[in-house]
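A.B. asks: File follows, input.cif with mmCIF, C-alpha atoms:
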```
data_data
loop_
_atom_site.group_PDB
_atom_site.id
_atom_site.type_symbol
_atom_site.label_atom_id
_atom_site.label_comp_id
_atom_site.auth_asym_id
_atom_site.auth_seq_id
_atom_site.Cartn_x
_atom_site.Cartn_y
_atom_site.Cartn_z
ATOM 1 C CA MET A 201 -8.868 -13.337 -15.859
ATOM 2 C CA ALA A 202 -9.860 -12.636 -19.473
ATOM 3 C CA ALA A 203 -13.511 -13.429 -18.723
ATOM 4 C CA SER A 204 -13.674 -10.906 -15.895
ATOM 5 C CA ALA A 205 -11.954 -8.259 -18.028
ATOM 6 C CA ARG A 206 -14.509 -8.881 -20.797
ATOM 7 C CA TRP A 207 -17.336 -8.672 -18.261
ATOM 8 C CA GLN A 208 -15.969 -5.374 -16.915
ATOM 9 C CA ARG A 209 -15.675 -3.880 -20.400
ATOM 10 C CA VAL A 210 -19.276 -4.822 -21.207
ATOM 11 C CA THR A 211 -20.453 -3.284 -17.919
ATOM 12 C CA HIS A 212 -18.585 -0.044 -18.540
ATOM 13 C CA ARG A 213 -19.826 0.301 -22.098
ATOM 14 C CA THR A 214 -23.439 -0.476 -21.208
ATOM 15 C CA GLY A 215 -23.319 1.766 -18.151
ATOM 16 C CA ALA A 216 -21.807 4.647 -20.096
ATOM 17 C CA THR A 217 -24.449 4.342 -22.822
ATOM 18 C CA ALA A 218 -27.261 4.209 -20.262
ATOM 19 C CA LEU A 219 -25.811 7.235 -18.454
ATOM 20 C CA VAL A 220 -25.639 9.306 -21.648
ATOM 21 C CA LEU A 221 -29.213 8.393 -22.567
ATOM 22 C CA ALA A 222 -30.478 9.187 -19.052
ATOM 23 C CA GLU A 223 -28.634 12.529 -19.101
ATOM 24 C CA ALA A 224 -30.148 13.444 -22.487
ATOM 25 C CA TYR A 225 -33.645 12.491 -21.355
ATOM 26 C CA GLY A 226 -33.215 14.421 -18.104
ATOM 27 C CA GLN A 227 -31.998 17.522 -19.931
ATOM 28 C CA LEU A 228 -35.180 17.455 -22.024
ATOM 29 C CA THR A 229 -37.542 16.959 -19.071
ATOM 30 C CA HIS A 230 -35.936 18.506 -15.935
ATOM 31 C CA PRO A 231 -32.747 20.423 -16.841
ATOM 32 C CA PHE A 232 -32.179 22.098 -13.442
ATOM 33 C CA LEU A 233 -32.506 18.835 -11.510
ATOM 34 C CA ILE A 234 -30.186 16.982 -13.882
ATOM 35 C CA ASP A 235 -27.608 19.789 -13.744
ATOM 36 C CA SER A 236 -27.657 19.637 -9.929
ATOM 37 C CA LEU A 237 -27.305 15.864 -9.895
ATOM 38 C CA THR A 238 -24.514 15.998 -12.470
ATOM 39 C CA ALA A 239 -22.611 18.636 -10.463
ATOM 40 C CA THR A 240 -22.997 16.564 -7.285
ATOM 41 C CA ALA A 241 -21.781 13.419 -9.038
ATOM 42 C CA MET A 242 -18.807 15.276 -10.516
ATOM 43 C CA ALA A 243 -17.866 16.709 -7.097
ATOM 44 C CA GLY A 244 -18.142 13.254 -5.524
ATOM 45 C CA GLY A 245 -15.999 11.799 -8.288
ATOM 46 C CA ALA A 246 -13.360 14.497 -7.786
ATOM 47 C CA VAL A 247 -13.245 13.775 -4.038
ATOM 48 C CA TYR A 248 -12.949 10.037 -4.701
ATOM 49 C CA VAL A 249 -10.148 10.473 -7.238
ATOM 50 C CA GLY A 250 -8.327 12.897 -4.934
ATOM 51 C CA ASN A 251 -8.566 10.471 -2.035
ATOM 52 C CA ARG A 252 -7.237 7.592 -4.158
ATOM 53 C CA ALA A 253 -4.373 9.753 -5.427
ATOM 54 C CA HIS A 254 -3.468 10.824 -1.878
ATOM 55 C CA ARG A 255 -3.463 7.226 -0.613
ATOM 56 C CA ARG A 256 -1.335 6.107 -3.533
ATOM 57 C CA TRP A 257 1.127 8.970 -2.981
ATOM 58 C CA THR A 258 1.518 8.265 0.760
ATOM 59 C CA HIS A 259 1.982 4.544 0.065
ATOM 60 C CA ARG A 260 4.655 5.351 -2.526
ATOM 61 C CA GLN A 261 6.458 7.710 -0.137
ATOM 62 C CA HIS A 262 6.342 5.095 2.642
ATOM 63 C CA ARG A 263 7.898 2.481 0.364
ATOM 64 C CA ARG A 264 10.499 4.872 -1.073
ATOM 65 C CA ARG A 265 11.624 6.417 2.218
ATOM 66 C CA LEU A 266 11.345 3.496 4.621
ATOM 67 C CA VAL A 267 10.626 0.055 3.180
ATOM 68 C CA GLN A 268 13.080 -0.032 0.273
ATOM 69 C CA PRO A 269 16.105 1.341 2.202
ATOM 70 C CA LEU A 270 15.367 -1.024 5.095
ATOM 71 C CA MET A 271 15.111 -3.919 2.651
ATOM 72 C CA LYS A 272 18.499 -3.036 1.163
ATOM 73 C CA SER A 273 20.004 -2.932 4.663
ATOM 74 C CA LEU A 274 18.513 -6.296 5.623
ATOM 75 C CA SER A 275 19.366 -8.130 2.409
ATOM 76 C CA GLY A 276 23.053 -8.426 3.366
ATOM 77 C CA PRO A 277 22.715 -9.843 6.905
ATOM 78 C CA LEU A 278 19.847 -12.124 5.852
ATOM 79 C CA GLN A 279 21.760 -13.238 2.731
ATOM 80 C CA LEU A 280 18.734 -12.687 0.513
ATOM 81 C CA PRO A 281 18.950 -13.262 -3.235
ATOM 82 C CA ILE A 282 19.718 -10.274 -5.457
ATOM 83 C CA GLY A 283 16.548 -8.427 -6.375
ATOM 84 C CA ALA A 284 14.520 -9.900 -3.511
ATOM 85 C CA SER A 285 11.120 -8.240 -3.205
ATOM 86 C CA ALA A 286 10.312 -6.290 -0.052
ATOM 87 C CA ASP A 287 6.727 -7.558 -0.310
ATOM 88 C CA THR A 288 7.947 -11.096 0.356
ATOM 89 C CA TRP A 289 10.420 -10.429 3.150
ATOM 90 C CA LEU A 290 9.309 -7.322 5.005
ATOM 91 C CA VAL A 291 6.146 -5.751 6.430
ATOM 92 C CA VAL A 292 6.437 -2.282 7.965
ATOM 93 C CA PRO A 293 3.341 -0.461 9.233
ATOM 94 C CA ARG A 294 2.672 2.990 7.823
ATOM 95 C CA ASN A 295 2.564 4.480 11.300
ATOM 96 C CA PRO A 296 5.170 2.620 13.348
ATOM 97 C CA ALA A 297 4.767 5.045 16.274
ATOM 98 C CA ARG A 298 1.198 3.826 16.866
ATOM 99 C CA GLN A 299 0.898 1.751 20.023
ATOM 100 C CA GLY A 300 1.056 -1.954 19.220
ATOM 101 C CA ALA A 301 2.550 -1.542 15.730
ATOM 102 C CA ILE A 302 4.534 -4.574 14.636
ATOM 103 C CA ALA A 303 7.154 -4.837 11.905
ATOM 104 C CA ARG A 304 7.531 -8.304 10.435
ATOM 105 C CA VAL A 305 10.741 -9.667 8.926
ATOM 106 C CA ASN A 306 10.416 -13.037 7.202
ATOM 107 C CA LEU A 307 13.614 -14.991 7.622
ATOM 108 C CA PRO A 308 15.032 -17.249 4.900
ATOM 109 C CA ASP A 309 15.240 -20.997 5.511
ATOM 110 C CA HIS A 310 19.038 -21.007 5.580
ATOM 111 C CA TRP A 311 19.246 -18.322 8.279
ATOM 112 C CA ALA A 312 20.854 -19.528 11.513
ATOM 113 C CA ASP A 313 18.801 -18.321 14.457
ATOM 114 C CA GLU A 314 21.583 -16.932 16.633
ATOM 115 C CA GLU A 315 20.938 -14.296 19.290
ATOM 116 C CA TYR A 316 23.573 -11.896 17.938
ATOM 117 C CA GLN A 317 21.978 -12.138 14.472
ATOM 118 C CA GLN A 318 18.559 -11.309 15.909
ATOM 119 C CA LEU A 319 20.080 -8.329 17.714
ATOM 120 C CA ALA A 320 21.733 -7.128 14.485
ATOM 121 C CA ILE A 321 18.423 -7.347 12.596
ATOM 122 C CA ALA A 322 16.600 -5.551 15.433
ATOM 123 C CA ARG A 323 19.200 -2.762 15.411
ATOM 124 C CA LEU A 324 18.911 -2.303 11.635
ATOM 125 C CA VAL A 325 15.132 -2.071 11.849
ATOM 126 C CA ASP A 326 15.394 0.295 14.825
ATOM 127 C CA ARG A 327 17.861 2.508 12.954
ATOM 128 C CA TRP A 328 15.545 2.961 9.963
ATOM 129 C CA ILE A 329 12.212 3.214 11.746
ATOM 130 C CA LYS A 330 13.428 5.592 14.503
ATOM 131 C CA VAL A 331 10.682 4.764 16.986
ATOM 132 C CA PRO A 332 11.332 3.836 20.630
ATOM 133 C CA MET A 333 11.229 0.064 21.029
ATOM 134 C CA GLU A 334 8.700 0.387 23.893
ATOM 135 C CA ALA A 335 6.046 1.453 21.376
ATOM 136 C CA PHE A 336 7.154 -0.764 18.528
ATOM 137 C CA ARG A 337 7.769 -4.509 18.152
ATOM 138 C CA ILE A 338 9.748 -6.520 15.653
ATOM 139 C CA HIS A 339 8.545 -10.005 14.820
ATOM 140 C CA LEU A 340 11.077 -12.302 13.156
ATOM 141 C CA THR A 341 9.335 -15.218 11.470
#
```
Could you write out this file's structure as structure tokens?
C.D. replies:
Amino acid sequence: MAASARWQRVTHRTGATALVLAEAYGQLTHPFLIDSLTATAMAGGAVYVGNRAHRRWTHRQHRRRLVQPLMKSLSGPLQLPIGASADTWLVVPRNPARQGAIARVNLPDHWADEEYQQLAIARLVDRWIKVPMEAFRIHLT
């Protein structure tokens, strides 16, 4: 891990130095062309950063509004340890209404596989996701 971090730092430093030198040379030889290329690169960078921020925000909202409350509801019936991570026990698609979407609940080893328990888990998931069960499946593993 430390070797790749060192490699990345060297790449960033060398790339930044080369970019500054290329920009300075371009400003001396073709200022209009370099200004156009710089503006295009800055606009592309702004779009990229905005897209990343939007994806991160929607992922955070999905976890805060759906995954974490569902995990708290399931931790009791599944008898999960305190502080159990939702990443380990639960997978919920971002768009559960999409045809063929599947939620996955990983069951602990000590869980008795009774039909009434499966129904209780399915009802909890159905209550939080609020999508008709015809369009949505729950997979207990």
A.B. asks: Tell me which residues the PyMOL selection byres ((chain A and resi 270-280) around 9) grabs here, as number ranges by chain.
C.D. replies: A: 265-269, 281-286, 289-290, 307-308, 310-311, 317, 320-321, 324-325, 327-329
A.B. asks: Counting only C-alpha atoms, figure out which residue out of A:Ala243, A:Thr238, A:Glu315, A:Val305 gets nearest to Ala224 of chain A.
C.D. replies: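 When distances to Ala224 of chain A are compared using only C-alpha atoms, the smallest one comes from A:Thr238.
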A.B. asks: To one decimal place, how far is atom CA of Leu319 of chain A from atom CA of Gln299 of chain A in Å?
C.D. replies: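 We find that atom CA of Leu319 of chain A and atom CA of Gln299 of chain A lie 21.8 Å from each other.
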A.B. asks: Taking only C-alpha atoms into account, which of A:Ala301, A:Glu223, A:Arg256, A:Trp207 comes nearest Ser236 of chain A?
C.D. replies: A:Glu223
A.B. asks: When you draw a straight line from atom CA of Ala216 of chain A to atom CA of Ile234 of chain A, how long is it in Å?
C.D. replies: 16.2 Å
A.B. asks: Show me, as lines of an AutoDock Vina configuration file, the centre and edge lengths in Å to one decimal of the axis-aligned box that covers every listed atom of segment 203-215 of chain A with 6 Å on each side.
C.D. replies:
```
center_x = -17.7
center_y = -5.8
center_z = -19.0
size_x = 23.5
size_y = 27.2
size_z = 18.2
```
A.B. asks: Hey, can you check how far atom CA of Arg323 of chain A sits from atom CA of Gln261 of chain A?
C.D. replies: 22.7 Å
